[in-house]
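A.B. asks: Got a structure for you, questions after.
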Amino acid sequence: MTEKIDNESHLSSVKNALRILQCFTMDEPEKKVSEISAALELNKSTVSRTMTTLASEGFVYKDPESKKYRLGLSILSLSGIVSSQMDIYRESQPVLNRLVENIGETAHISVLDHLDVIYLQKVECNHPVRFLTHIGKRNPPHCTSSGKVLLAHSPEDVVNEVIEKGIKKFTKNTITNPQKFRTHLKQVKENGYASSTEEILEGVTSIAAPIFDYRGKVIAALSVVGPNQRIQQHKIQGLAKKVMSAAKEVSTRMGYRGY
């Protein structure tokens, strides 16, 4: 019985440590113990002990002046290992570079994770505009071109979960009606690409296409994003062809032979 309690306590500590690491974001890269405690509803003493352990292993660093914690170099080391093992990261890099050079807009590779779109890779253009995207950033899928492409090729139960979670209205162009959204996803799948014009952020347009693996399964989306002044409505179809072509090249490099 004692051994079981010890095991459960150990697992709980590990879970708390993982939750704490995940609470750091690009928007909030530094946090105090009290802020972490409030955000995760954990006891301050528990958070403090966990942070001390994480700091001793280099996973977090405590600023001696502000008393705030931030992620440490051990995280960077692990992220490098993950990136090196991700075929899609390696295979898409030269394709993204050429696409950005060709069309002059920022490009991304993203995947669907826990009903969110998460950006794995980003290549900026020469004239970047500050958007709400960065590597590791999560965005809702229903109002982003990447998200719509990924949902269009996802099982029905995934789409249902997204709708049940709530398709929040970000702008006047956000599709919030469940039936219209389902119809829209069918059209996205037929077209082979998705576009999003001011659906998540005013003044911003993005275009995305699916990336397939050797099994014929959609594993990611390739997208470009830019200001409406440059990505005008009459240019979307032409740009979509280039985005689809780039996505097909990455798919082929990933072993897909369906084309």
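Here's how to read the names in the structure tokens: chain A, B, ... by the order shown, residue numbers from 1 in each chain, ligand numbers from 1 in the order shown.
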Just the residues within 7 Å of Gly203 of chain A, please, counting only C-alpha atoms, with nothing from its chain fewer than 5 positions along; format it as number ranges by chain.
C.D. replies: A: 198, 227-228
A.B. asks: Please identify all polymer residues within 9 Å of Arg98 of chain A, counting only C-alpha atoms, omitting same-chain residues fewer than 5 positions from it, and present them as a compact mmCIF listing (two decimals) with N, CA and C atoms, in the first residue's frame.
C.D. replies:
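Printed below is around.txt as written:
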# COMPACT_ATOMS: atom_id res chain seq x y z
N GLN A 93 11.95 22.63 -45.20
CA GLN A 93 12.77 23.84 -45.11
C GLN A 93 13.14 24.44 -46.47
N ILE A 103 7.11 34.36 -53.63
CA ILE A 103 5.91 35.18 -53.48
C ILE A 103 6.09 36.37 -52.53
N ALA A 246 3.80 23.93 -53.61
CA ALA A 246 4.81 23.77 -52.56
C ALA A 246 4.42 22.64 -51.61
A.B. asks: Please determine, counting only C-alpha atoms, which residue among A:Thr52, A:Gln237, A:Asn177, A:Thr205 has the shortest atom-to-atom distance to Thr106 of chain A.
C.D. replies: A:Thr205
A.B. asks: So which residues of segment 21-120 of chain A fall under strand (DSSP E or B) by DSSP, listed as JSON, numbers by chain?
C.D. replies: {"A": [31, 60, 61, 62, 69, 70, 71, 106, 107, 108, 109, 110, 111, 112, 113, 116, 117, 118, 119, 120]}
A.B. asks: Can you work out which one of A:Ser196, A:Asn102, A:Ser146, A:Ser251 has the shortest atom-to-atom distance to Tyr119 of chain A, counting only C-alpha atoms?
C.D. replies: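 Using only C-alpha atoms, the shortest distance to Tyr119 of chain A belongs to A:Ser146.
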A.B. asks: Find the residues near Leu115 of chain A: any atom within 9 Å, counting only C-alpha atoms, skip ones fewer than 4 places away on the same chain, and give them as a list of chain:residue names.
C.D. replies: A:Pro140, A:Pro141, A:Val158, A:Val159, A:Glu161, A:Val162, A:Lys165
A.B. asks: Next, dump the selected residues to file, keeping only C-alpha atoms, as a PDB file, in the first residue's frame.
C.D. replies:
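What ended up in again18.pdb:
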ATOM      1  CA  PRO A 140      -7.983  28.176 -33.077  1.00  0.00           C
ATOM      2  CA  PRO A 141      -8.481  26.063 -36.222  1.00  0.00           C
ATOM      3  CA  VAL A 158     -12.660  15.902 -34.566  1.00  0.00           C
ATOM      4  CA  VAL A 159     -14.755  18.499 -36.402  1.00  0.00           C
ATOM      5  CA  GLU A 161     -15.268  18.419 -31.008  1.00  0.00           C
ATOM      6  CA  VAL A 162     -14.133  21.743 -32.428  1.00  0.00           C
ATOM      7  CA  LYS A 165     -15.895  23.464 -27.943  1.00  0.00           C
TER       8      LYS A 165
END
A.B. asks: Between atom CA of Ser195 of chain A and atom CA of Gly147 of chain A, measure the distance and give it in Å to one decimal.
C.D. replies: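 Computed distance, atom CA of Ser195 of chain A to atom CA of Gly147 of chain A, equals 10.1 Å.
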A.B. asks: Would you mind listing what lies within 12 Å of Leu54 of chain A as a list in words, with only C-alpha atoms counted and same-chain residues fewer than 3 positions away left out?
C.D. replies: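 Once the adjacent positions are removed, what remains is Ser13, Val14, Asn16, Ala17, Leu18, Ile20, Leu21, Val47, Ser48, Arg49, Thr50, Met51, Glu57, Gly58, Phe59, Val60, Tyr61, Lys62, Tyr69, Arg70, Leu71, Gly72, Leu73, Ser74 and Ile75 of chain A.
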